[in-house]
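Colleague: Can you keep this structure in mind? I'll have questions shortly.
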Protein chains: 2
Amino acid sequence: MVQAGQRRIKPVRGPRRKPGSRVHSELAAGIGRRILDGTYPPGSLLPNEAEWGLMFGASRTAVREAIKTLNGKGLLVSRPKIGSRVEPRDRWNLLDRDVMAWHRAALDERTFLLSLQEIRRILEPGAAVLAAARRSPEQLAELEAALAGMEAAEADSEAMVEADVRFHLALLAAANNELLVPFGIVIEQALASMFAYTTSHAAHPEQMLPLHAEVVKAIAAKSPEAARKAVTALLDDTDETLRATAE
Amino acid sequence: MVQAGQRRIKPVRGPRRKPGSRVHSELAAGIGRRILDGTYPPGSLLPNEAEWGLMFGASRTAVREAIKTLNGKGLLVSRPKIGSRVEPRDRWNLLDRDVMAWHRAALDERTFLLSLQEIRRILEPGAAVLAAARRSPEQLAELEAALAGMEAAEADSEAMVEADVRFHLALLAAANNELLVPFGIVIEQALASMFAYTTSHAAHPEQMLPLHAEVVKAIAAKSPEAARKAVTALLDDTDETLRATAE
DNA sequence: AACGATAGATTTGTAGGACAAAAGTCGGAA
DNA sequence: TTCCGACTTTTGTCCTACAAATCTATCGTT
């Protein structure tokens, strides 16, 4: 009864029906996008809850839950008799997953990605220095595992991207700074979609693995300066790919 | 009728009654804190909505709105029949204002601040380089204004902290990277409370202004390398103060 | 006429009830 | 034993009603 290939089909772990299909989630996304794309600029007043309800064919309850979500992301403040007003941009939680997604949907993607890459150039070398100095054996192992994942991925571009993201997150985690990981999650996640493109259009695909391996080597050897250089080389390569795929 | 000094008292711009006094906000904070402090660890199941209502003496409506806020911050996912489950830590939006506040309330503040300072050491020199290369005249003016604010603050520690934060945000803004500002907002905001302490206990209070002035000078001169050095010196000074006030 | 208090209107905030939908659990039938 | 269906629990949505906040306009007083 343990024969392979006979397992019940029972969708393994389920396609995990997304909880984003709920009415209030749709509303939050719908309203959020309209704010990010400038339909309702900072300082402006949104339609009241009843009107949103009509627009989306939803109850006021659902609208309110959506608005509470947006309140939590700093996009809105609501007050009785006034309504919901769009907050100034610097109050927005742009580092929020959803907000960033809505943001990317609305604005020029290339500019956004270049900004992200610039941040990586600042953060990752610094993280590498810290990682080289104080990574734990487990963290090194995770880094090596991610590298192995990239090697195993071969031509499977999706697996490659996943391993790549995993690699960079592991690097940040190895720096043992509690705050660095959240920052990294934001960045790598946003970059994942770009990786999908750059991996298949890499300027020097044959250098991908050696460059990553060099980083691991330096961190294994606990050489901060070597780690910094290795990461910088890696980023240079990505930059080149980005430039090449400009237009 | 335009005589100065005769204006009605009408509380200037109002103490701006905080919108955090609402029931659902209290609930969100109450539940959020319990998650951040480990009462409900990742993977655990929260009491159901009705129970929270009893605990806080609130209606299910209010509880739901609070939970929607927390959903939006990545702390929870809710599903019918299951309940609300605490998400793994790496899904939490730790860079969210509220989450960070709850986090700080729960954990060792000193460790947290050291982590933040470490991030600053990585980010700010890089930002200074970019700022020196491409700050606009307006951004330079804002930087100078913040510096002037620090000079004017003199012994007024509160004003000094505010100007200090303003200075560092202006620095990040001058880098003209869309993503850098949100990162900065998170950091500087969290550091504000520390600044209040370090400013009044500065190791070299007389060096505060010259160090900041040096940064402005380098950025005005568009010298990336000088800017990097000046910011590094500034951070060194803060580090020293932090170390001195260790215990 | 100018000012201030007051009443009204509008919009969000909170409450509570009803039912739908999702997803485990358990028991019974093949 | 295995599979299917009824049952049950919990969130999801809708609805209605009223409270609280606050802007607007009106009216009375000085």
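Letters A, B, ... go to the chains of the structure tokens in the order shown; residues in each chain start at 1; ligands are counted from 1 in the same order.
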Using only C-alpha atoms (C1' of nucleotides), determine which residues lie at most 8 Å from DT11 (chain D), disregarding the query and same-chain residues fewer than 2 positions distant; provide the list as a ChimeraX atom specification.

Modeller: /B:78-83

Colleague: Please dump the current selection as a short mmCIF file (atom, residue, chain, number, x, y, z; two decimals), in the first residue's frame; keep C-alpha atoms.

Modeller:
data_model
loop_
_atom_site.label_atom_id
_atom_site.label_comp_id
_atom_site.auth_asym_id
_atom_site.auth_seq_id
_atom_site.Cartn_x
_atom_site.Cartn_y
_atom_site.Cartn_z
CA SER B 78 -8.13 33.70 8.18
CA ARG B 79 -10.13 30.90 6.66
CA PRO B 80 -13.62 29.65 7.28
CA LYS B 81 -13.94 26.83 9.74
CA ILE B 82 -10.22 27.08 10.55
CA GLY B 83 -10.03 30.46 12.16
#

Colleague: Please provide chain A as a PDB file with C-alpha atoms, in the first residue's frame, once it has been superposed on chain B by least squares across all sequentially paired Cα atoms.

Modeller:
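Ended up saving to part.pdb:
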ATOM      1  CA  MET A   1      -8.773  92.885  13.387  1.00  0.00           C
ATOM      2  CA  VAL A   2      -5.463  91.386  12.452  1.00  0.00           C
ATOM      3  CA  GLN A   3      -3.886  92.155  15.727  1.00  0.00           C
ATOM      4  CA  ALA A   4      -1.574  89.500  16.912  1.00  0.00           C
ATOM      5  CA  GLY A   5      -2.322  87.930  20.222  1.00  0.00           C
ATOM      6  CA  GLN A   6      -6.055  88.339  19.737  1.00  0.00           C
ATOM      7  CA  ARG A   7      -6.626  85.366  17.471  1.00  0.00           C
ATOM      8  CA  ARG A   8      -9.449  83.147  18.525  1.00  0.00           C
ATOM      9  CA  ILE A   9      -8.266  80.202  20.520  1.00  0.00           C
ATOM     10  CA  LYS A  10      -9.959  77.614  18.328  1.00  0.00           C
ATOM     11  CA  PRO A  11      -7.318  74.878  18.858  1.00  0.00           C
ATOM     12  CA  VAL A  12      -5.153  76.106  15.995  1.00  0.00           C
ATOM     13  CA  ARG A  13      -5.169  72.983  13.893  1.00  0.00           C
ATOM     14  CA  GLY A  14      -6.793  70.861  16.456  1.00  0.00           C
ATOM     15  CA  PRO A  15      -4.995  68.373  18.659  1.00  0.00           C
ATOM     16  CA  ARG A  16      -6.029  66.192  15.755  1.00  0.00           C
ATOM     17  CA  ARG A  17      -7.937  63.638  17.746  1.00  0.00           C
ATOM     18  CA  LYS A  18      -6.102  60.457  17.057  1.00  0.00           C
ATOM     19  CA  PRO A  19      -7.994  57.972  14.945  1.00  0.00           C
ATOM     20  CA  GLY A  20      -6.378  55.293  17.076  1.00  0.00           C
ATOM     21  CA  SER A  21      -8.943  55.730  19.768  1.00  0.00           C
ATOM     22  CA  ARG A  22     -11.473  53.757  17.811  1.00  0.00           C
ATOM     23  CA  VAL A  23     -12.614  50.388  19.008  1.00  0.00           C
ATOM     24  CA  HIS A  24     -11.298  48.449  16.046  1.00  0.00           C
ATOM     25  CA  SER A  25      -7.920  50.166  16.364  1.00  0.00           C
ATOM     26  CA  GLU A  26      -7.688  49.213  19.999  1.00  0.00           C
ATOM     27  CA  LEU A  27      -8.519  45.685  19.037  1.00  0.00           C
ATOM     28  CA  ALA A  28      -5.937  45.585  16.284  1.00  0.00           C
ATOM     29  CA  ALA A  29      -3.293  46.897  18.666  1.00  0.00           C
ATOM     30  CA  GLY A  30      -4.364  44.527  21.414  1.00  0.00           C
ATOM     31  CA  ILE A  31      -4.272  41.491  19.201  1.00  0.00           C
ATOM     32  CA  GLY A  32      -1.180  42.657  17.354  1.00  0.00           C
ATOM     33  CA  ARG A  33       0.771  43.088  20.554  1.00  0.00           C
ATOM     34  CA  ARG A  34      -0.215  39.647  21.719  1.00  0.00           C
ATOM     35  CA  ILE A  35       1.174  38.197  18.530  1.00  0.00           C
ATOM     36  CA  LEU A  36       4.391  40.173  18.613  1.00  0.00           C
ATOM     37  CA  ASP A  37       5.080  39.339  22.244  1.00  0.00           C
ATOM     38  CA  GLY A  38       4.719  35.658  21.589  1.00  0.00           C
ATOM     39  CA  THR A  39       1.445  35.008  23.369  1.00  0.00           C
ATOM     40  CA  TYR A  40       0.250  33.578  20.081  1.00  0.00           C
ATOM     41  CA  PRO A  41       3.332  32.221  18.313  1.00  0.00           C
ATOM     42  CA  PRO A  42       3.528  31.638  14.561  1.00  0.00           C
ATOM     43  CA  GLY A  43       1.422  28.698  13.519  1.00  0.00           C
ATOM     44  CA  SER A  44      -0.905  28.935  16.479  1.00  0.00           C
ATOM     45  CA  LEU A  45      -4.610  29.475  16.266  1.00  0.00           C
ATOM     46  CA  LEU A  46      -6.232  32.589  17.637  1.00  0.00           C
ATOM     47  CA  PRO A  47      -9.479  32.636  19.594  1.00  0.00           C
ATOM     48  CA  ASN A  48     -12.362  33.028  17.206  1.00  0.00           C
ATOM     49  CA  GLU A  49     -13.980  36.344  16.453  1.00  0.00           C
ATOM     50  CA  ALA A  50     -16.777  35.889  18.928  1.00  0.00           C
ATOM     51  CA  GLU A  51     -14.347  35.221  21.752  1.00  0.00           C
ATOM     52  CA  TRP A  52     -12.310  38.322  20.999  1.00  0.00           C
ATOM     53  CA  GLY A  53     -15.544  40.229  21.071  1.00  0.00           C
ATOM     54  CA  LEU A  54     -16.270  38.984  24.558  1.00  0.00           C
ATOM     55  CA  MET A  55     -12.730  39.631  25.743  1.00  0.00           C
ATOM     56  CA  PHE A  56     -12.746  43.222  24.591  1.00  0.00           C
ATOM     57  CA  GLY A  57     -16.431  43.863  25.014  1.00  0.00           C
ATOM     58  CA  ALA A  58     -16.790  44.673  21.342  1.00  0.00           C
ATOM     59  CA  SER A  59     -18.996  43.467  18.546  1.00  0.00           C
ATOM     60  CA  ARG A  60     -17.901  40.887  16.054  1.00  0.00           C
ATOM     61  CA  THR A  61     -17.950  43.596  13.373  1.00  0.00           C
ATOM     62  CA  ALA A  62     -15.279  45.571  15.177  1.00  0.00           C
ATOM     63  CA  VAL A  63     -13.227  42.453  15.784  1.00  0.00           C
ATOM     64  CA  ARG A  64     -13.408  41.576  12.126  1.00  0.00           C
ATOM     65  CA  GLU A  65     -12.218  45.002  11.046  1.00  0.00           C
ATOM     66  CA  ALA A  66      -9.281  44.708  13.417  1.00  0.00           C
ATOM     67  CA  ILE A  67      -8.419  41.305  12.044  1.00  0.00           C
ATOM     68  CA  LYS A  68      -8.604  42.628   8.501  1.00  0.00           C
ATOM     69  CA  THR A  69      -6.015  45.199   9.450  1.00  0.00           C
ATOM     70  CA  LEU A  70      -3.752  42.480  10.812  1.00  0.00           C
ATOM     71  CA  ASN A  71      -4.330  40.346   7.739  1.00  0.00           C
ATOM     72  CA  GLY A  72      -3.113  43.266   5.699  1.00  0.00           C
ATOM     73  CA  LYS A  73       0.067  43.419   7.745  1.00  0.00           C
ATOM     74  CA  GLY A  74       0.780  39.760   7.119  1.00  0.00           C
ATOM     75  CA  LEU A  75       0.420  38.697  10.723  1.00  0.00           C
ATOM     76  CA  LEU A  76      -2.595  36.471  10.159  1.00  0.00           C
ATOM     77  CA  VAL A  77      -4.469  34.461   7.639  1.00  0.00           C
ATOM     78  CA  SER A  78      -8.077  33.584   8.230  1.00  0.00           C
ATOM     79  CA  ARG A  79     -10.090  30.786   6.754  1.00  0.00           C
ATOM     80  CA  PRO A  80     -13.617  29.602   7.373  1.00  0.00           C
ATOM     81  CA  LYS A  81     -14.010  26.847   9.905  1.00  0.00           C
ATOM     82  CA  ILE A  82     -10.286  27.066  10.709  1.00  0.00           C
ATOM     83  CA  GLY A  83     -10.052  30.457  12.265  1.00  0.00           C
ATOM     84  CA  SER A  84      -7.183  32.925  12.186  1.00  0.00           C
ATOM     85  CA  ARG A  85      -3.753  31.433  12.241  1.00  0.00           C
ATOM     86  CA  VAL A  86      -0.575  33.374  12.998  1.00  0.00           C
ATOM     87  CA  GLU A  87       1.676  33.461   9.939  1.00  0.00           C
ATOM     88  CA  PRO A  88       5.346  32.474  10.070  1.00  0.00           C
ATOM     89  CA  ARG A  89       7.532  35.344  11.107  1.00  0.00           C
ATOM     90  CA  ASP A  90       9.001  35.936   7.677  1.00  0.00           C
ATOM     91  CA  ARG A  91       5.572  36.796   6.361  1.00  0.00           C
ATOM     92  CA  TRP A  92       5.118  39.548   8.913  1.00  0.00           C
ATOM     93  CA  ASN A  93       5.443  43.050   7.641  1.00  0.00           C
ATOM     94  CA  LEU A  94       7.984  44.105  10.252  1.00  0.00           C
ATOM     95  CA  LEU A  95       8.602  47.330   8.382  1.00  0.00           C
ATOM     96  CA  ASP A  96       5.074  48.469   9.049  1.00  0.00           C
ATOM     97  CA  ARG A  97       4.790  51.353  11.490  1.00  0.00           C
ATOM     98  CA  ASP A  98       2.352  49.607  13.774  1.00  0.00           C
ATOM     99  CA  VAL A  99       4.028  46.248  13.659  1.00  0.00           C
ATOM    100  CA  MET A 100       7.327  47.831  14.489  1.00  0.00           C
ATOM    101  CA  ALA A 101       5.796  49.700  17.380  1.00  0.00           C
ATOM    102  CA  TRP A 102       4.261  46.527  18.785  1.00  0.00           C
ATOM    103  CA  HIS A 103       7.521  44.776  18.208  1.00  0.00           C
ATOM    104  CA  ARG A 104       9.521  47.361  20.109  1.00  0.00           C
ATOM    105  CA  ALA A 105       7.019  47.296  22.923  1.00  0.00           C
ATOM    106  CA  ALA A 106       7.559  43.584  23.269  1.00  0.00           C
ATOM    107  CA  LEU A 107      11.257  43.088  22.761  1.00  0.00           C
ATOM    108  CA  ASP A 108      14.561  44.315  24.017  1.00  0.00           C
ATOM    109  CA  GLU A 109      14.882  47.878  22.882  1.00  0.00           C
ATOM    110  CA  ARG A 110      18.637  48.134  22.970  1.00  0.00           C
ATOM    111  CA  THR A 111      19.193  45.201  20.632  1.00  0.00           C
ATOM    112  CA  PHE A 112      16.628  46.636  18.308  1.00  0.00           C
ATOM    113  CA  LEU A 113      18.296  50.018  18.216  1.00  0.00           C
ATOM    114  CA  LEU A 114      21.700  48.524  17.576  1.00  0.00           C
ATOM    115  CA  SER A 115      20.233  46.590  14.653  1.00  0.00           C
ATOM    116  CA  LEU A 116      18.804  49.788  13.290  1.00  0.00           C
ATOM    117  CA  GLN A 117      22.046  51.642  13.664  1.00  0.00           C
ATOM    118  CA  GLU A 118      23.781  48.849  11.800  1.00  0.00           C
ATOM    119  CA  ILE A 119      21.356  49.264   8.927  1.00  0.00           C
ATOM    120  CA  ARG A 120      22.004  52.964   8.904  1.00  0.00           C
ATOM    121  CA  ARG A 121      25.710  52.301   8.579  1.00  0.00           C
ATOM    122  CA  ILE A 122      24.984  50.308   5.493  1.00  0.00           C
ATOM    123  CA  LEU A 123      22.369  52.509   3.889  1.00  0.00           C
ATOM    124  CA  GLU A 124      23.316  56.068   4.605  1.00  0.00           C
ATOM    125  CA  PRO A 125      26.855  56.157   3.200  1.00  0.00           C
ATOM    126  CA  GLY A 126      25.529  54.627   0.004  1.00  0.00           C
ATOM    127  CA  ALA A 127      22.708  57.114  -0.080  1.00  0.00           C
ATOM    128  CA  ALA A 128      25.172  59.942   0.455  1.00  0.00           C
ATOM    129  CA  VAL A 129      27.181  58.845  -2.563  1.00  0.00           C
ATOM    130  CA  LEU A 130      24.097  58.866  -4.734  1.00  0.00           C
ATOM    131  CA  ALA A 131      22.937  62.150  -3.266  1.00  0.00           C
ATOM    132  CA  ALA A 132      26.244  63.831  -3.987  1.00  0.00           C
ATOM    133  CA  ALA A 133      26.030  62.671  -7.574  1.00  0.00           C
ATOM    134  CA  ARG A 134      22.523  63.710  -8.405  1.00  0.00           C
ATOM    135  CA  ARG A 135      20.835  65.861  -5.788  1.00  0.00           C
ATOM    136  CA  SER A 136      18.725  68.656  -7.218  1.00  0.00           C
ATOM    137  CA  PRO A 137      19.148  72.238  -6.033  1.00  0.00           C
ATOM    138  CA  GLU A 138      15.837  71.925  -4.198  1.00  0.00           C
ATOM    139  CA  GLN A 139      16.998  68.826  -2.400  1.00  0.00           C
ATOM    140  CA  LEU A 140      20.195  70.568  -1.378  1.00  0.00           C
ATOM    141  CA  ALA A 141      18.109  73.453  -0.106  1.00  0.00           C
ATOM    142  CA  GLU A 142      15.995  71.078   1.971  1.00  0.00           C
ATOM    143  CA  LEU A 143      19.143  69.591   3.425  1.00  0.00           C
ATOM    144  CA  GLU A 144      20.418  73.051   4.301  1.00  0.00           C
ATOM    145  CA  ALA A 145      17.070  73.954   5.788  1.00  0.00           C
ATOM    146  CA  ALA A 146      17.193  70.916   8.045  1.00  0.00           C
ATOM    147  CA  LEU A 147      20.707  71.842   9.101  1.00  0.00           C
ATOM    148  CA  ALA A 148      19.539  75.381   9.840  1.00  0.00           C
ATOM    149  CA  GLY A 149      16.746  73.844  11.868  1.00  0.00           C
ATOM    150  CA  MET A 150      19.262  71.967  13.950  1.00  0.00           C
ATOM    151  CA  GLU A 151      21.261  75.126  14.508  1.00  0.00           C
ATOM    152  CA  ALA A 152      18.150  77.002  15.508  1.00  0.00           C
ATOM    153  CA  ALA A 153      17.057  74.266  17.865  1.00  0.00           C
ATOM    154  CA  GLU A 154      19.925  74.981  20.239  1.00  0.00           C
ATOM    155  CA  ALA A 155      19.031  73.450  23.560  1.00  0.00           C
ATOM    156  CA  ASP A 156      15.474  72.545  22.561  1.00  0.00           C
ATOM    157  CA  SER A 157      15.995  68.836  22.450  1.00  0.00           C
ATOM    158  CA  GLU A 158      12.639  68.044  20.867  1.00  0.00           C
ATOM    159  CA  ALA A 159      13.188  70.472  18.007  1.00  0.00           C
ATOM    160  CA  MET A 160      16.691  69.115  17.603  1.00  0.00           C
ATOM    161  CA  VAL A 161      15.461  65.578  17.196  1.00  0.00           C
ATOM    162  CA  GLU A 162      12.868  66.639  14.701  1.00  0.00           C
ATOM    163  CA  ALA A 163      15.411  68.554  12.649  1.00  0.00           C
ATOM    164  CA  ASP A 164      17.829  65.658  12.894  1.00  0.00           C
ATOM    165  CA  VAL A 165      15.300  63.211  11.515  1.00  0.00           C
ATOM    166  CA  ARG A 166      14.386  65.703   8.840  1.00  0.00           C
ATOM    167  CA  PHE A 167      18.044  65.992   7.911  1.00  0.00           C
ATOM    168  CA  HIS A 168      18.520  62.284   7.415  1.00  0.00           C
ATOM    169  CA  LEU A 169      15.296  61.914   5.474  1.00  0.00           C
ATOM    170  CA  ALA A 170      16.353  64.775   3.241  1.00  0.00           C
ATOM    171  CA  LEU A 171      19.647  63.016   2.677  1.00  0.00           C
ATOM    172  CA  LEU A 172      17.890  59.869   1.538  1.00  0.00           C
ATOM    173  CA  ALA A 173      15.451  61.833  -0.581  1.00  0.00           C
ATOM    174  CA  ALA A 174      18.353  63.562  -2.299  1.00  0.00           C
ATOM    175  CA  ALA A 175      19.608  60.208  -3.518  1.00  0.00           C
ATOM    176  CA  ASN A 176      16.669  60.243  -5.931  1.00  0.00           C
ATOM    177  CA  ASN A 177      15.899  56.611  -5.496  1.00  0.00           C
ATOM    178  CA  GLU A 178      12.225  55.983  -5.160  1.00  0.00           C
ATOM    179  CA  LEU A 179      12.736  53.029  -2.857  1.00  0.00           C
ATOM    180  CA  LEU A 180      15.266  54.619  -0.568  1.00  0.00           C
ATOM    181  CA  VAL A 181      12.818  57.046   0.951  1.00  0.00           C
ATOM    182  CA  PRO A 182      10.403  54.404   2.239  1.00  0.00           C
ATOM    183  CA  PHE A 183      13.313  52.528   3.740  1.00  0.00           C
ATOM    184  CA  GLY A 184      14.527  55.705   5.331  1.00  0.00           C
ATOM    185  CA  ILE A 185      11.137  56.588   6.730  1.00  0.00           C
ATOM    186  CA  VAL A 186      11.008  53.280   8.508  1.00  0.00           C
ATOM    187  CA  ILE A 187      14.442  53.683   9.971  1.00  0.00           C
ATOM    188  CA  GLU A 188      14.475  57.309  10.951  1.00  0.00           C
ATOM    189  CA  GLN A 189      11.054  57.054  12.471  1.00  0.00           C
ATOM    190  CA  ALA A 190      12.103  54.161  14.621  1.00  0.00           C
ATOM    191  CA  LEU A 191      15.244  55.985  15.589  1.00  0.00           C
ATOM    192  CA  ALA A 192      13.437  59.155  16.576  1.00  0.00           C
ATOM    193  CA  SER A 193      12.841  57.889  20.072  1.00  0.00           C
ATOM    194  CA  MET A 194      16.505  57.059  20.418  1.00  0.00           C
ATOM    195  CA  PHE A 195      17.572  60.426  19.080  1.00  0.00           C
ATOM    196  CA  ALA A 196      15.645  61.968  21.915  1.00  0.00           C
ATOM    197  CA  TYR A 197      18.002  60.157  24.220  1.00  0.00           C
ATOM    198  CA  THR A 198      21.265  60.453  22.316  1.00  0.00           C
ATOM    199  CA  THR A 199      20.871  64.156  21.612  1.00  0.00           C
ATOM    200  CA  SER A 200      20.681  64.915  25.297  1.00  0.00           C
ATOM    201  CA  HIS A 201      23.515  62.532  26.079  1.00  0.00           C
ATOM    202  CA  ALA A 202      25.710  63.112  23.053  1.00  0.00           C
ATOM    203  CA  ALA A 203      29.323  62.194  23.633  1.00  0.00           C
ATOM    204  CA  HIS A 204      30.459  65.245  21.710  1.00  0.00           C
ATOM    205  CA  PRO A 205      27.509  67.626  21.512  1.00  0.00           C
ATOM    206  CA  GLU A 206      29.719  70.325  20.082  1.00  0.00           C
ATOM    207  CA  GLN A 207      30.533  68.092  17.122  1.00  0.00           C
ATOM    208  CA  MET A 208      26.926  67.412  16.149  1.00  0.00           C
ATOM    209  CA  LEU A 209      26.533  70.475  13.961  1.00  0.00           C
ATOM    210  CA  PRO A 210      29.970  70.505  12.314  1.00  0.00           C
ATOM    211  CA  LEU A 211      29.576  66.852  11.384  1.00  0.00           C
ATOM    212  CA  HIS A 212      26.213  67.486   9.789  1.00  0.00           C
ATOM    213  CA  ALA A 213      27.513  70.599   8.101  1.00  0.00           C
ATOM    214  CA  GLU A 214      30.333  68.607   6.589  1.00  0.00           C
ATOM    215  CA  VAL A 215      27.813  66.300   4.948  1.00  0.00           C
ATOM    216  CA  VAL A 216      25.954  69.206   3.437  1.00  0.00           C
ATOM    217  CA  LYS A 217      29.188  70.702   2.199  1.00  0.00           C
ATOM    218  CA  ALA A 218      30.212  67.517   0.427  1.00  0.00           C
ATOM    219  CA  ILE A 219      26.822  67.079  -1.177  1.00  0.00           C
ATOM    220  CA  ALA A 220      26.739  70.710  -2.225  1.00  0.00           C
ATOM    221  CA  ALA A 221      30.131  70.214  -3.836  1.00  0.00           C
ATOM    222  CA  LYS A 222      28.899  67.035  -5.522  1.00  0.00           C
ATOM    223  CA  SER A 223      31.771  65.009  -4.091  1.00  0.00           C
ATOM    224  CA  PRO A 224      30.525  61.473  -3.592  1.00  0.00           C
ATOM    225  CA  GLU A 225      33.574  60.246  -1.750  1.00  0.00           C
ATOM    226  CA  ALA A 226      33.663  63.200   0.604  1.00  0.00           C
ATOM    227  CA  ALA A 227      29.961  62.730   1.277  1.00  0.00           C
ATOM    228  CA  ARG A 228      30.498  59.096   2.096  1.00  0.00           C
ATOM    229  CA  LYS A 229      33.231  59.937   4.533  1.00  0.00           C
ATOM    230  CA  ALA A 230      31.285  62.732   6.158  1.00  0.00           C
ATOM    231  CA  VAL A 231      28.249  60.509   6.730  1.00  0.00           C
ATOM    232  CA  THR A 232      30.444  57.750   8.070  1.00  0.00           C
ATOM    233  CA  ALA A 233      32.012  60.170  10.530  1.00  0.00           C
ATOM    234  CA  LEU A 234      28.538  61.207  11.612  1.00  0.00           C
ATOM    235  CA  LEU A 235      27.536  57.617  12.187  1.00  0.00           C
ATOM    236  CA  ASP A 236      30.727  56.922  14.091  1.00  0.00           C
ATOM    237  CA  ASP A 237      29.809  59.701  16.439  1.00  0.00           C
ATOM    238  CA  THR A 238      26.323  58.314  16.968  1.00  0.00           C
ATOM    239  CA  ASP A 239      27.792  54.889  17.554  1.00  0.00           C
ATOM    240  CA  GLU A 240      30.067  56.278  20.182  1.00  0.00           C
ATOM    241  CA  THR A 241      27.181  57.961  21.918  1.00  0.00           C
ATOM    242  CA  LEU A 242      25.207  54.752  21.806  1.00  0.00           C
ATOM    243  CA  ARG A 243      28.076  52.792  23.265  1.00  0.00           C
ATOM    244  CA  ALA A 244      28.603  55.387  25.961  1.00  0.00           C
ATOM    245  CA  THR A 245      24.970  55.237  27.001  1.00  0.00           C
ATOM    246  CA  ALA A 246      25.058  51.459  27.053  1.00  0.00           C
ATOM    247  CA  GLU A 247      24.871  51.026  30.701  1.00  0.00           C
TER     248      GLU A 247
END

Colleague: Report, in Å to a single decimal, how far apart C1' of DC3 (chain C) and C1' of DA20 (chain D) are.

Modeller: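 Result for C1' of DA20 (chain D) versus C1' of DC3 (chain C): 27.3 Å, one decimal.
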
Colleague: Out of region 27-168 of chain A, which residues get alpha helix (DSSP H) from DSSP, as a PyMOL selection string?

Modeller: chain A and resi 27-36+49-56+60-72+97-106+109-134+137-153+157-168

Colleague: Taking a cut-off of 7 Å and counting only C-alpha atoms (C1' of nucleotides), can you build a table that, for each residue of chain C near chain B, reports the nearest atom pair and how far apart they are in Å (one decimal), sorted by chain then residue number, as a tab-separated table?

Modeller:
residue	atom	partner	partner_atom	distance
C:DT14	C1'	B:Ala62	CA	6.8
C:DA15	C1'	B:Ser59	CA	5.9
C:DA22	C1'	B:Pro80	CA	5.3
C:DA23	C1'	B:Lys81	CA	5.9

Colleague: Residues as selected, N, CA and C atoms (P, O5', C5', C4', C3', O3' and C1' of nucleotides), written as a CSV table (one decimal), in the first residue's frame, can you do that?

Modeller:
chain,number,residue,atom,x,y,z
C,14,DT,P,-15.3,51.9,16.2
C,14,DT,O5',-16.7,51.3,16.6
C,14,DT,C5',-17.5,51.9,17.6
C,14,DT,C4',-18.8,51.1,17.8
C,14,DT,C3',-18.6,49.6,18.0
C,14,DT,O3',-19.1,49.3,19.3
C,14,DT,C1',-20.3,50.1,16.5
C,15,DA,P,-19.1,47.8,19.8
C,15,DA,O5',-20.5,47.3,19.4
C,15,DA,C5',-21.6,48.1,19.9
C,15,DA,C4',-22.9,47.5,19.4
C,15,DA,C3',-23.0,46.0,19.5
C,15,DA,O3',-24.1,45.6,20.3
C,15,DA,C1',-23.7,46.7,17.4
C,22,DA,P,-17.2,28.4,-1.1
C,22,DA,O5',-16.3,28.0,0.1
C,22,DA,C5',-15.4,28.9,0.7
C,22,DA,C4',-14.8,28.3,2.0
C,22,DA,C3',-14.1,27.0,1.7
C,22,DA,O3',-12.8,27.1,2.4
C,22,DA,C1',-15.6,26.7,3.4
C,23,DA,P,-11.6,26.1,1.9
C,23,DA,O5',-11.6,25.1,3.1
C,23,DA,C5',-11.4,25.5,4.4
C,23,DA,C4',-11.7,24.4,5.3
C,23,DA,C3',-11.2,23.0,4.9
C,23,DA,O3',-10.7,22.4,6.0
C,23,DA,C1',-13.5,22.9,5.4

Colleague: Chain D residues within 9 Å of chain A, counting only C-alpha atoms (C1' of nucleotides): which ones, as a ChimeraX atom specification?

Modeller: /D:12-15,20-23
